[in-house]
>>> print(open('final37.cif').read())   # mmCIF, N, CA and C atoms
data_model
loop_
_atom_site.label_atom_id
_atom_site.label_comp_id
_atom_site.auth_asym_id
_atom_site.auth_seq_id
_atom_site.Cartn_x
_atom_site.Cartn_y
_atom_site.Cartn_z
N MET X 1 14.55 -41.62 -8.68
CA MET X 1 15.78 -41.42 -9.44
C MET X 1 16.96 -41.95 -8.61
N SER X 2 17.83 -42.71 -9.25
CA SER X 2 18.97 -43.30 -8.55
C SER X 2 20.05 -42.24 -8.26
N PHE X 3 20.92 -42.57 -7.33
CA PHE X 3 22.03 -41.68 -6.99
C PHE X 3 22.90 -41.43 -8.22
N SER X 4 23.16 -42.48 -8.98
CA SER X 4 23.98 -42.36 -10.18
C SER X 4 23.34 -41.40 -11.19
N SER X 5 22.03 -41.49 -11.36
CA SER X 5 21.31 -40.60 -12.28
C SER X 5 21.40 -39.15 -11.82
N GLN X 6 21.30 -38.94 -10.52
CA GLN X 6 21.42 -37.58 -9.98
C GLN X 6 22.80 -37.00 -10.26
N VAL X 7 23.83 -37.80 -10.06
CA VAL X 7 25.20 -37.35 -10.31
C VAL X 7 25.38 -37.00 -11.79
N LYS X 8 24.87 -37.84 -12.67
CA LYS X 8 24.99 -37.59 -14.11
C LYS X 8 24.25 -36.32 -14.51
N ASP X 9 23.06 -36.11 -13.97
CA ASP X 9 22.31 -34.89 -14.27
C ASP X 9 23.08 -33.65 -13.82
N GLU X 10 23.69 -33.73 -12.64
CA GLU X 10 24.49 -32.60 -12.14
C GLU X 10 25.72 -32.36 -13.02
N LEU X 11 26.38 -33.42 -13.44
CA LEU X 11 27.56 -33.27 -14.30
C LEU X 11 27.17 -32.70 -15.66
N ASN X 12 26.03 -33.12 -16.18
CA ASN X 12 25.60 -32.62 -17.49
C ASN X 12 25.11 -31.17 -17.42
N ALA X 13 24.81 -30.69 -16.23
CA ALA X 13 24.41 -29.29 -16.07
C ALA X 13 25.61 -28.35 -16.07
N LEU X 14 26.82 -28.89 -15.89
CA LEU X 14 28.03 -28.06 -15.89
C LEU X 14 28.30 -27.53 -17.29
N GLN X 15 28.71 -26.29 -17.36
CA GLN X 15 28.98 -25.68 -18.65
C GLN X 15 30.30 -26.21 -19.22
N ILE X 16 30.31 -26.48 -20.51
CA ILE X 16 31.53 -26.88 -21.21
C ILE X 16 31.93 -25.69 -22.06
N LYS X 17 33.09 -25.11 -21.78
CA LYS X 17 33.43 -23.82 -22.38
C LYS X 17 34.05 -23.91 -23.77
N GLY X 18 35.17 -24.50 -23.90
CA GLY X 18 35.90 -24.47 -25.17
C GLY X 18 35.41 -25.51 -26.16
N ASN X 19 35.59 -25.22 -27.45
CA ASN X 19 35.23 -26.19 -28.49
C ASN X 19 36.03 -27.48 -28.35
N CYS X 20 37.29 -27.36 -27.91
CA CYS X 20 38.11 -28.56 -27.72
C CYS X 20 37.50 -29.45 -26.64
N CYS X 21 36.99 -28.85 -25.57
CA CYS X 21 36.36 -29.62 -24.50
C CYS X 21 35.02 -30.20 -24.95
N LYS X 22 34.32 -29.49 -25.82
CA LYS X 22 33.07 -30.01 -26.36
C LYS X 22 33.34 -31.25 -27.21
N LYS X 23 34.41 -31.22 -27.99
CA LYS X 23 34.80 -32.40 -28.76
C LYS X 23 35.19 -33.54 -27.82
N ALA X 24 35.90 -33.23 -26.75
CA ALA X 24 36.29 -34.25 -25.78
C ALA X 24 35.06 -34.90 -25.16
N TYR X 25 34.02 -34.12 -24.89
CA TYR X 25 32.77 -34.67 -24.34
C TYR X 25 32.14 -35.62 -25.36
N ILE X 26 32.12 -35.21 -26.62
CA ILE X 26 31.56 -36.07 -27.67
C ILE X 26 32.32 -37.38 -27.72
N PHE X 27 33.65 -37.31 -27.77
CA PHE X 27 34.46 -38.53 -27.87
C PHE X 27 34.27 -39.42 -26.65
N GLY X 28 34.23 -38.82 -25.45
CA GLY X 28 34.03 -39.61 -24.23
C GLY X 28 32.67 -40.29 -24.21
N SER X 29 31.65 -39.58 -24.68
CA SER X 29 30.30 -40.14 -24.71
C SER X 29 30.19 -41.34 -25.63
N LEU X 30 31.05 -41.38 -26.62
CA LEU X 30 30.95 -42.41 -27.65
C LEU X 30 31.87 -43.61 -27.40
N MET X 31 32.47 -43.70 -26.24
CA MET X 31 33.38 -44.81 -25.97
C MET X 31 32.67 -46.16 -25.94
N SER X 32 31.36 -46.15 -25.77
CA SER X 32 30.61 -47.41 -25.81
C SER X 32 29.82 -47.56 -27.11
N ALA X 33 30.10 -46.71 -28.08
CA ALA X 33 29.35 -46.73 -29.34
C ALA X 33 29.80 -47.88 -30.24
N ASP X 34 28.92 -48.24 -31.14
CA ASP X 34 29.22 -49.22 -32.18
C ASP X 34 29.23 -48.48 -33.52
N VAL X 35 30.08 -48.92 -34.43
CA VAL X 35 30.09 -48.39 -35.79
C VAL X 35 29.63 -49.50 -36.70
N LEU X 36 28.47 -49.31 -37.32
CA LEU X 36 27.87 -50.33 -38.17
C LEU X 36 27.65 -49.74 -39.56
N ASP X 37 28.36 -50.25 -40.55
CA ASP X 37 28.24 -49.77 -41.93
C ASP X 37 28.41 -48.26 -42.02
N GLY X 38 29.40 -47.73 -41.31
CA GLY X 38 29.69 -46.30 -41.35
C GLY X 38 28.78 -45.46 -40.47
N GLN X 39 27.79 -46.07 -39.84
CA GLN X 39 26.89 -45.34 -38.96
C GLN X 39 27.27 -45.59 -37.51
N ILE X 40 27.34 -44.51 -36.74
CA ILE X 40 27.69 -44.60 -35.33
C ILE X 40 26.39 -44.73 -34.54
N VAL X 41 26.35 -45.73 -33.66
CA VAL X 41 25.16 -46.00 -32.85
C VAL X 41 25.59 -46.06 -31.39
N VAL X 42 24.95 -45.25 -30.56
CA VAL X 42 25.27 -45.27 -29.13
C VAL X 42 23.96 -45.30 -28.35
N LYS X 43 23.95 -46.12 -27.28
CA LYS X 43 22.80 -46.20 -26.39
C LYS X 43 23.21 -45.59 -25.05
N ILE X 44 22.40 -44.65 -24.60
CA ILE X 44 22.68 -43.91 -23.38
C ILE X 44 21.44 -43.97 -22.49
N LYS X 45 21.63 -44.26 -21.21
CA LYS X 45 20.48 -44.40 -20.30
C LYS X 45 19.91 -43.06 -19.85
N GLU X 46 20.75 -42.09 -19.62
CA GLU X 46 20.27 -40.82 -19.06
C GLU X 46 19.88 -39.83 -20.14
N LYS X 47 18.70 -39.25 -20.00
CA LYS X 47 18.21 -38.27 -20.96
C LYS X 47 19.13 -37.05 -21.00
N SER X 48 19.64 -36.63 -19.84
CA SER X 48 20.51 -35.44 -19.82
C SER X 48 21.79 -35.68 -20.62
N THR X 49 22.32 -36.89 -20.59
CA THR X 49 23.52 -37.22 -21.36
C THR X 49 23.19 -37.28 -22.85
N ALA X 50 22.08 -37.92 -23.20
CA ALA X 50 21.67 -37.99 -24.61
C ALA X 50 21.42 -36.59 -25.16
N ASP X 51 20.76 -35.74 -24.38
CA ASP X 51 20.50 -34.37 -24.81
C ASP X 51 21.79 -33.58 -24.98
N GLN X 52 22.71 -33.74 -24.03
CA GLN X 52 24.00 -33.03 -24.11
C GLN X 52 24.79 -33.48 -25.35
N LEU X 53 24.85 -34.77 -25.58
CA LEU X 53 25.57 -35.29 -26.74
C LEU X 53 24.93 -34.80 -28.03
N SER X 54 23.63 -34.87 -28.12
CA SER X 54 22.92 -34.41 -29.31
C SER X 54 23.18 -32.93 -29.56
N HIS X 55 23.10 -32.13 -28.51
CA HIS X 55 23.35 -30.69 -28.63
C HIS X 55 24.77 -30.40 -29.11
N LEU X 56 25.74 -31.09 -28.54
CA LEU X 56 27.14 -30.85 -28.93
C LEU X 56 27.43 -31.33 -30.35
N LEU X 57 26.82 -32.44 -30.76
CA LEU X 57 27.00 -32.90 -32.14
C LEU X 57 26.47 -31.85 -33.11
N LYS X 58 25.33 -31.25 -32.78
CA LYS X 58 24.76 -30.20 -33.63
C LYS X 58 25.64 -28.95 -33.63
N THR X 59 26.13 -28.57 -32.46
CA THR X 59 26.93 -27.35 -32.32
C THR X 59 28.30 -27.47 -32.99
N ILE X 60 29.00 -28.55 -32.74
CA ILE X 60 30.38 -28.69 -33.20
C ILE X 60 30.47 -29.26 -34.61
N TYR X 61 29.71 -30.31 -34.91
CA TYR X 61 29.86 -31.00 -36.18
C TYR X 61 28.66 -30.82 -37.13
N LYS X 62 27.67 -30.04 -36.71
CA LYS X 62 26.47 -29.81 -37.54
C LYS X 62 25.78 -31.12 -37.89
N ILE X 63 25.81 -32.06 -36.95
CA ILE X 63 25.18 -33.37 -37.11
C ILE X 63 23.92 -33.39 -36.26
N ASP X 64 22.81 -33.75 -36.87
CA ASP X 64 21.55 -33.90 -36.15
C ASP X 64 21.26 -35.39 -36.04
N PRO X 65 21.65 -36.01 -34.91
CA PRO X 65 21.50 -37.47 -34.82
C PRO X 65 20.04 -37.89 -34.76
N GLU X 66 19.79 -39.05 -35.34
CA GLU X 66 18.46 -39.66 -35.21
C GLU X 66 18.39 -40.22 -33.79
N THR X 67 17.39 -39.77 -33.04
CA THR X 67 17.27 -40.18 -31.64
C THR X 67 15.99 -40.97 -31.45
N LYS X 68 16.14 -42.10 -30.76
CA LYS X 68 14.99 -42.97 -30.52
C LYS X 68 15.01 -43.39 -29.05
N GLU X 69 13.85 -43.31 -28.40
CA GLU X 69 13.76 -43.77 -27.02
C GLU X 69 13.42 -45.25 -27.04
N ILE X 70 14.14 -46.02 -26.23
CA ILE X 70 13.94 -47.47 -26.15
C ILE X 70 13.36 -47.78 -24.77
N ARG X 71 12.23 -48.48 -24.76
CA ARG X 71 11.61 -48.90 -23.50
C ARG X 71 11.32 -50.39 -23.59
N ARG X 72 11.96 -51.14 -22.72
CA ARG X 72 11.74 -52.59 -22.65
C ARG X 72 11.62 -52.96 -21.17
N GLY X 73 10.41 -53.17 -20.72
CA GLY X 73 10.21 -53.47 -19.30
C GLY X 73 10.67 -52.30 -18.45
N CYS X 74 11.60 -52.56 -17.56
CA CYS X 74 12.11 -51.48 -16.72
C CYS X 74 13.39 -50.86 -17.30
N TYR X 75 13.77 -51.28 -18.50
CA TYR X 75 14.96 -50.73 -19.17
C TYR X 75 14.54 -49.58 -20.07
N ASN X 76 15.11 -48.41 -19.83
CA ASN X 76 14.89 -47.24 -20.67
C ASN X 76 16.23 -46.72 -21.12
N ALA X 77 16.31 -46.34 -22.38
CA ALA X 77 17.54 -45.77 -22.92
C ALA X 77 17.21 -44.91 -24.12
N PHE X 78 18.21 -44.19 -24.57
CA PHE X 78 18.09 -43.37 -25.77
C PHE X 78 19.15 -43.83 -26.74
N GLU X 79 18.74 -44.09 -27.97
CA GLU X 79 19.67 -44.52 -29.01
C GLU X 79 19.87 -43.36 -29.98
N LEU X 80 21.13 -43.00 -30.19
CA LEU X 80 21.47 -41.96 -31.14
C LEU X 80 22.22 -42.59 -32.29
N LYS X 81 21.82 -42.23 -33.52
CA LYS X 81 22.46 -42.75 -34.73
C LYS X 81 22.85 -41.58 -35.62
N PHE X 82 24.06 -41.66 -36.18
CA PHE X 82 24.51 -40.63 -37.11
C PHE X 82 25.73 -41.13 -37.86
N LYS X 83 26.10 -40.40 -38.92
CA LYS X 83 27.30 -40.72 -39.68
C LYS X 83 28.29 -39.56 -39.56
N SER X 84 29.55 -39.90 -39.36
CA SER X 84 30.63 -38.93 -39.34
C SER X 84 31.94 -39.66 -39.53
N VAL X 85 32.62 -39.36 -40.62
CA VAL X 85 33.91 -40.01 -40.89
C VAL X 85 34.93 -39.62 -39.83
N LYS X 86 34.94 -38.34 -39.45
CA LYS X 86 35.92 -37.86 -38.46
C LYS X 86 35.74 -38.56 -37.11
N ILE X 87 34.51 -38.67 -36.67
CA ILE X 87 34.26 -39.32 -35.37
C ILE X 87 34.50 -40.83 -35.48
N ALA X 88 34.14 -41.44 -36.58
CA ALA X 88 34.41 -42.87 -36.78
C ALA X 88 35.91 -43.13 -36.77
N ASP X 89 36.71 -42.22 -37.36
CA ASP X 89 38.17 -42.36 -37.34
C ASP X 89 38.69 -42.32 -35.91
N PHE X 90 38.16 -41.40 -35.08
CA PHE X 90 38.60 -41.34 -33.69
C PHE X 90 38.25 -42.64 -32.96
N LEU X 91 37.04 -43.14 -33.16
CA LEU X 91 36.63 -44.37 -32.48
C LEU X 91 37.49 -45.55 -32.91
N SER X 92 37.87 -45.59 -34.17
CA SER X 92 38.76 -46.64 -34.67
C SER X 92 40.13 -46.52 -34.01
N PHE X 93 40.63 -45.28 -33.93
CA PHE X 93 41.91 -45.02 -33.27
C PHE X 93 41.84 -45.45 -31.80
N ALA X 94 40.77 -45.07 -31.11
CA ALA X 94 40.63 -45.41 -29.70
C ALA X 94 40.56 -46.92 -29.49
N ASP X 95 39.90 -47.62 -30.42
CA ASP X 95 39.77 -49.07 -30.32
C ASP X 95 41.13 -49.76 -30.49
N GLU X 96 42.00 -49.18 -31.29
CA GLU X 96 43.32 -49.76 -31.55
C GLU X 96 44.41 -49.18 -30.65
N PHE X 97 44.06 -48.26 -29.75
CA PHE X 97 45.04 -47.56 -28.92
C PHE X 97 45.90 -48.55 -28.14
N SER X 98 47.21 -48.42 -28.28
CA SER X 98 48.12 -49.37 -27.66
C SER X 98 48.80 -48.82 -26.40
N GLY X 99 48.75 -47.51 -26.22
CA GLY X 99 49.44 -46.91 -25.08
C GLY X 99 50.88 -46.55 -25.38
N SER X 100 51.33 -46.77 -26.63
CA SER X 100 52.69 -46.43 -27.00
C SER X 100 52.86 -44.90 -26.98
N ASP X 101 54.11 -44.45 -26.97
CA ASP X 101 54.38 -43.01 -26.98
C ASP X 101 53.78 -42.34 -28.21
N GLU X 102 53.86 -43.02 -29.36
CA GLU X 102 53.29 -42.46 -30.59
C GLU X 102 51.78 -42.33 -30.48
N ASP X 103 51.12 -43.36 -29.95
CA ASP X 103 49.67 -43.29 -29.78
C ASP X 103 49.29 -42.23 -28.75
N ALA X 104 50.08 -42.11 -27.69
CA ALA X 104 49.80 -41.09 -26.67
C ALA X 104 49.92 -39.69 -27.27
N ASP X 105 50.92 -39.47 -28.11
CA ASP X 105 51.06 -38.17 -28.78
C ASP X 105 49.89 -37.90 -29.71
N ALA X 106 49.46 -38.93 -30.43
CA ALA X 106 48.31 -38.78 -31.33
C ALA X 106 47.04 -38.50 -30.53
N LEU X 107 46.88 -39.15 -29.39
CA LEU X 107 45.72 -38.91 -28.54
C LEU X 107 45.71 -37.48 -28.02
N ASN X 108 46.86 -36.98 -27.60
CA ASN X 108 46.95 -35.60 -27.12
C ASN X 108 46.55 -34.59 -28.18
N ALA X 109 46.71 -34.94 -29.45
CA ALA X 109 46.31 -34.04 -30.53
C ALA X 109 44.79 -33.85 -30.56
N TYR X 110 44.03 -34.80 -30.02
CA TYR X 110 42.57 -34.68 -29.97
C TYR X 110 42.13 -33.73 -28.86
N PHE X 111 42.99 -33.48 -27.90
CA PHE X 111 42.65 -32.65 -26.75
C PHE X 111 43.42 -31.34 -26.82
N GLY X 112 42.70 -30.22 -26.75
CA GLY X 112 43.33 -28.92 -26.94
C GLY X 112 43.77 -28.21 -25.68
N CYS X 113 43.25 -28.58 -24.52
CA CYS X 113 43.62 -27.88 -23.29
C CYS X 113 43.69 -28.86 -22.12
N GLU X 114 44.06 -28.36 -20.99
CA GLU X 114 44.21 -29.21 -19.80
C GLU X 114 42.87 -29.78 -19.32
N ASN X 115 41.77 -29.09 -19.58
CA ASN X 115 40.47 -29.54 -19.10
C ASN X 115 39.86 -30.65 -19.95
N CYS X 116 40.34 -30.82 -21.17
CA CYS X 116 39.74 -31.79 -22.09
C CYS X 116 39.71 -33.21 -21.54
N LYS X 117 40.77 -33.63 -20.90
CA LYS X 117 40.83 -35.00 -20.39
C LYS X 117 39.81 -35.22 -19.28
N GLN X 118 39.60 -34.19 -18.45
CA GLN X 118 38.59 -34.29 -17.40
C GLN X 118 37.19 -34.36 -18.00
N VAL X 119 36.94 -33.55 -19.03
CA VAL X 119 35.64 -33.56 -19.69
C VAL X 119 35.42 -34.90 -20.38
N PHE X 120 36.47 -35.44 -21.00
CA PHE X 120 36.38 -36.76 -21.64
C PHE X 120 35.97 -37.82 -20.61
N ALA X 121 36.63 -37.84 -19.45
CA ALA X 121 36.32 -38.83 -18.41
C ALA X 121 34.90 -38.62 -17.87
N ARG X 122 34.49 -37.37 -17.71
CA ARG X 122 33.13 -37.07 -17.24
C ARG X 122 32.11 -37.62 -18.23
N ALA X 123 32.34 -37.40 -19.52
CA ALA X 123 31.41 -37.86 -20.55
C ALA X 123 31.36 -39.39 -20.60
N ALA X 124 32.52 -40.04 -20.50
CA ALA X 124 32.55 -41.50 -20.51
C ALA X 124 31.74 -42.05 -19.34
N PHE X 125 31.89 -41.43 -18.17
CA PHE X 125 31.10 -41.85 -17.01
C PHE X 125 29.61 -41.63 -17.26
N CYS X 126 29.25 -40.44 -17.75
CA CYS X 126 27.83 -40.13 -17.96
C CYS X 126 27.19 -41.05 -19.00
N ALA X 127 27.95 -41.45 -20.00
CA ALA X 127 27.40 -42.29 -21.07
C ALA X 127 27.35 -43.76 -20.70
N CYS X 128 28.37 -44.25 -19.98
CA CYS X 128 28.42 -45.70 -19.75
C CYS X 128 29.00 -46.06 -18.39
N GLY X 129 28.68 -45.27 -17.38
CA GLY X 129 29.18 -45.57 -16.05
C GLY X 129 28.09 -45.55 -15.01
N SER X 130 28.48 -45.87 -13.81
CA SER X 130 27.56 -45.80 -12.67
C SER X 130 28.37 -45.58 -11.40
N VAL X 131 27.69 -45.04 -10.41
CA VAL X 131 28.31 -44.82 -9.11
C VAL X 131 27.24 -45.10 -8.05
N SER X 132 27.67 -45.72 -6.96
CA SER X 132 26.72 -46.00 -5.88
C SER X 132 26.80 -44.87 -4.85
N ASP X 133 25.77 -44.78 -4.05
CA ASP X 133 25.69 -43.76 -3.02
C ASP X 133 26.77 -44.02 -1.97
N PRO X 134 27.67 -43.04 -1.75
CA PRO X 134 28.76 -43.26 -0.79
C PRO X 134 28.27 -43.48 0.65
N LYS X 135 27.01 -43.15 0.94
CA LYS X 135 26.47 -43.39 2.28
C LYS X 135 26.21 -44.87 2.51
N LYS X 136 26.09 -45.63 1.42
CA LYS X 136 25.82 -47.06 1.53
C LYS X 136 27.12 -47.84 1.33
N SER X 137 27.58 -47.87 0.13
CA SER X 137 28.89 -48.44 -0.20
C SER X 137 29.35 -47.64 -1.40
N TYR X 138 30.62 -47.67 -1.70
CA TYR X 138 31.08 -46.79 -2.76
C TYR X 138 31.70 -47.59 -3.90
N THR X 139 31.10 -47.51 -5.05
CA THR X 139 31.60 -48.17 -6.24
C THR X 139 31.42 -47.24 -7.42
N LEU X 140 32.47 -47.09 -8.21
CA LEU X 140 32.43 -46.31 -9.45
C LEU X 140 32.83 -47.26 -10.57
N GLU X 141 32.00 -47.33 -11.60
CA GLU X 141 32.28 -48.20 -12.73
C GLU X 141 32.07 -47.44 -14.02
N ILE X 142 32.93 -47.71 -15.00
CA ILE X 142 32.75 -47.21 -16.35
C ILE X 142 32.92 -48.42 -17.26
N TYR X 143 31.88 -48.70 -18.05
CA TYR X 143 31.87 -49.88 -18.92
C TYR X 143 32.49 -49.49 -20.26
N ALA X 144 33.35 -50.34 -20.78
CA ALA X 144 33.98 -50.09 -22.06
C ALA X 144 33.43 -51.06 -23.10
N ALA X 145 33.50 -50.65 -24.37
CA ALA X 145 33.01 -51.48 -25.45
C ALA X 145 33.90 -52.72 -25.67
N SER X 146 35.18 -52.59 -25.34
CA SER X 146 36.10 -53.72 -25.49
C SER X 146 37.02 -53.77 -24.29
N ASP X 147 37.81 -54.82 -24.21
CA ASP X 147 38.70 -54.98 -23.06
C ASP X 147 40.07 -54.36 -23.24
N THR X 148 40.30 -53.67 -24.35
CA THR X 148 41.61 -53.05 -24.58
C THR X 148 41.63 -51.62 -24.14
#
>>> encode(input="final37.cif", output="structure tokens")
Amino acid sequence: MSFSSQVKDELNALQIKGNCCKKAYIFGSLMSADVLDGQIVVKIKEKSTADQLSHLLKTIYKIDPETKEIRRGCYNAFELKFKSVKIADFLSFADEFSGSDEDADALNAYFGCENCKQVFARAAFCACGSVSDPKKSYTLEIYAASDT
């Protein structure tokens, strides 16, 4: 197991208390998702992240995503598919986010407490990021679906 996988497993073991933070985790996890014909599709490498996202979707939005394990050579991932107008609206908003004061105020409306932004960043890292072992060299990366 890689260092990055270990970190993600540890982060996913942390309890997420408030419903607002659970929503923030969902939104952060989906920053690399695609929306195709109203269906949200996200590929996640770590089982702990896929399990956490699936659990929170069921708990908060009563959505039971279709989950499929993908194995191609040494590439393993989990693909989650589901439909949700509310989540698709957030992803559309995030894709168009300009950083203006109005957009920043609208973004803050998605987060209910001070911890939500930290949980959002944690989820984004767990879903589409990596970190190298600081004993070797230190690099933290989070991949985004677009360059905006």
>>> closest_atom_pairs(input="final37.cif", of="region 22-79 of chain X", to="region 127-145 of chain X", cutoff="6.5 Å", atoms="only N, CA and C atoms", output="CSV")
residue,atom,partner,partner_atom,distance
X:Gly28,C,X:Ala127,N,6.4
X:Ser29,CA,X:Ala127,CA,5.1
X:Met31,C,X:Ala145,N,4.8
X:Ser32,CA,X:Ala145,N,4.6
X:Ala33,N,X:Ala145,CA,6.2
X:Lys43,C,X:Ala127,C,6.3
X:Ile44,CA,X:Ala127,C,5.4
X:Lys45,N,X:Ala127,C,5.8
X:Thr49,CA,X:Ala127,N,6.3
>>> select_by_dssp(input="final37.cif", residues="region 23-68 of chain X", states="helix (DSSP H, G or I)", output="mmCIF file with N, CA and C atoms, in the frame of the given file")
data_model
loop_
_atom_site.group_PDB
_atom_site.id
_atom_site.type_symbol
_atom_site.label_atom_id
_atom_site.label_comp_id
_atom_site.auth_asym_id
_atom_site.auth_seq_id
_atom_site.Cartn_x
_atom_site.Cartn_y
_atom_site.Cartn_z
ATOM 1 N N LYS X 23 34.410 -31.220 -27.990
ATOM 2 C CA LYS X 23 34.800 -32.400 -28.760
ATOM 3 C C LYS X 23 35.190 -33.540 -27.820
ATOM 4 N N ALA X 24 35.900 -33.230 -26.750
ATOM 5 C CA ALA X 24 36.290 -34.250 -25.780
ATOM 6 C C ALA X 24 35.060 -34.900 -25.160
ATOM 7 N N TYR X 25 34.020 -34.120 -24.890
ATOM 8 C CA TYR X 25 32.770 -34.670 -24.340
ATOM 9 C C TYR X 25 32.140 -35.620 -25.360
ATOM 10 N N ILE X 26 32.120 -35.210 -26.620
ATOM 11 C CA ILE X 26 31.560 -36.070 -27.670
ATOM 12 C C ILE X 26 32.320 -37.380 -27.720
ATOM 13 N N PHE X 27 33.650 -37.310 -27.770
ATOM 14 C CA PHE X 27 34.460 -38.530 -27.870
ATOM 15 C C PHE X 27 34.270 -39.420 -26.650
ATOM 16 N N GLY X 28 34.230 -38.820 -25.450
ATOM 17 C CA GLY X 28 34.030 -39.610 -24.230
ATOM 18 C C GLY X 28 32.670 -40.290 -24.210
ATOM 19 N N SER X 29 31.650 -39.580 -24.680
ATOM 20 C CA SER X 29 30.300 -40.140 -24.710
ATOM 21 C C SER X 29 30.190 -41.340 -25.630
ATOM 22 N N LYS X 47 18.700 -39.250 -20.000
ATOM 23 C CA LYS X 47 18.210 -38.270 -20.960
ATOM 24 C C LYS X 47 19.130 -37.050 -21.000
ATOM 25 N N SER X 48 19.640 -36.630 -19.840
ATOM 26 C CA SER X 48 20.510 -35.440 -19.820
ATOM 27 C C SER X 48 21.790 -35.680 -20.620
ATOM 28 N N THR X 49 22.320 -36.890 -20.590
ATOM 29 C CA THR X 49 23.520 -37.220 -21.360
ATOM 30 C C THR X 49 23.190 -37.280 -22.850
ATOM 31 N N ALA X 50 22.080 -37.920 -23.200
ATOM 32 C CA ALA X 50 21.670 -37.990 -24.610
ATOM 33 C C ALA X 50 21.420 -36.590 -25.160
ATOM 34 N N ASP X 51 20.760 -35.740 -24.380
ATOM 35 C CA ASP X 51 20.500 -34.370 -24.810
ATOM 36 C C ASP X 51 21.790 -33.580 -24.980
ATOM 37 N N GLN X 52 22.710 -33.740 -24.030
ATOM 38 C CA GLN X 52 24.000 -33.030 -24.110
ATOM 39 C C GLN X 52 24.790 -33.480 -25.350
ATOM 40 N N LEU X 53 24.850 -34.770 -25.580
ATOM 41 C CA LEU X 53 25.570 -35.290 -26.740
ATOM 42 C C LEU X 53 24.930 -34.800 -28.030
ATOM 43 N N SER X 54 23.630 -34.870 -28.120
ATOM 44 C CA SER X 54 22.920 -34.410 -29.310
ATOM 45 C C SER X 54 23.180 -32.930 -29.560
ATOM 46 N N HIS X 55 23.100 -32.130 -28.510
ATOM 47 C CA HIS X 55 23.350 -30.690 -28.630
ATOM 48 C C HIS X 55 24.770 -30.400 -29.110
ATOM 49 N N LEU X 56 25.740 -31.090 -28.540
ATOM 50 C CA LEU X 56 27.140 -30.850 -28.930
ATOM 51 C C LEU X 56 27.430 -31.330 -30.350
ATOM 52 N N LEU X 57 26.820 -32.440 -30.760
ATOM 53 C CA LEU X 57 27.000 -32.900 -32.140
ATOM 54 C C LEU X 57 26.470 -31.850 -33.110
ATOM 55 N N LYS X 58 25.330 -31.250 -32.780
ATOM 56 C CA LYS X 58 24.760 -30.200 -33.630
ATOM 57 C C LYS X 58 25.640 -28.950 -33.630
ATOM 58 N N THR X 59 26.130 -28.570 -32.460
ATOM 59 C CA THR X 59 26.930 -27.350 -32.320
ATOM 60 C C THR X 59 28.300 -27.470 -32.990
ATOM 61 N N ILE X 60 29.000 -28.550 -32.740
ATOM 62 C CA ILE X 60 30.380 -28.690 -33.200
ATOM 63 C C ILE X 60 30.470 -29.260 -34.610
ATOM 64 N N TYR X 61 29.710 -30.310 -34.910
ATOM 65 C CA TYR X 61 29.860 -31.000 -36.180
ATOM 66 C C TYR X 61 28.660 -30.820 -37.130
#
>>> residues_around(input="final37.cif", residues="Ile40 (chain X)", least_positions_apart="4", cutoff="12 Å", atoms="only C-alpha atoms", output="ChimeraX atom specification")
/X:27,29-36,63,65-67,79-92
>>> atom_distance(input="final37.cif", atom1="atom C of Glu102 (chain X)", atom2="atom N of Tyr61 (chain X)")
25.5 Å
>>> closest_residue(input="final37.cif", among="X:Arg122, X:Lys22, X:Lys8, X:Lys17", to="Leu56 (chain X)", atoms="all atoms listed in the file")
X:Lys22
>>> closest_residue(input="final37.cif", among="X:Tyr25, X:Phe120, X:Tyr75, X:Phe93", to="Ala50 (chain X)", atoms="only C-alpha atoms")
X:Tyr25
>>> atom_distance(input="final37.cif", atom1="atom N of Gly99 (chain X)", atom2="atom N of Leu11 (chain X)")
29.4 Å
>>> atom_distance(input="final37.cif", atom1="CA of Glu46 (chain X)", atom2="atom C of Gln15 (chain X)")
17.7 Å
>>> closest_residue(input="final37.cif", among="X:Val7, X:Cys126, X:Ala13, X:Cys20", to="Asn108 (chain X)", atoms="only C-alpha atoms")
X:Cys20
>>> closest_residue(input="final37.cif", among="X:Asn12, X:Gln52, X:Gln39, X:Gln6", to="Ile26 (chain X)", atoms="all atoms listed in the file")
X:Gln52
>>> select_by_dssp(input="final37.cif", residues="region 8-146 of chain X", states="strand (DSSP E or B)", output="number ranges by chain")
X: 34-36, 39-44, 66-72, 75-83, 129-131, 140-142
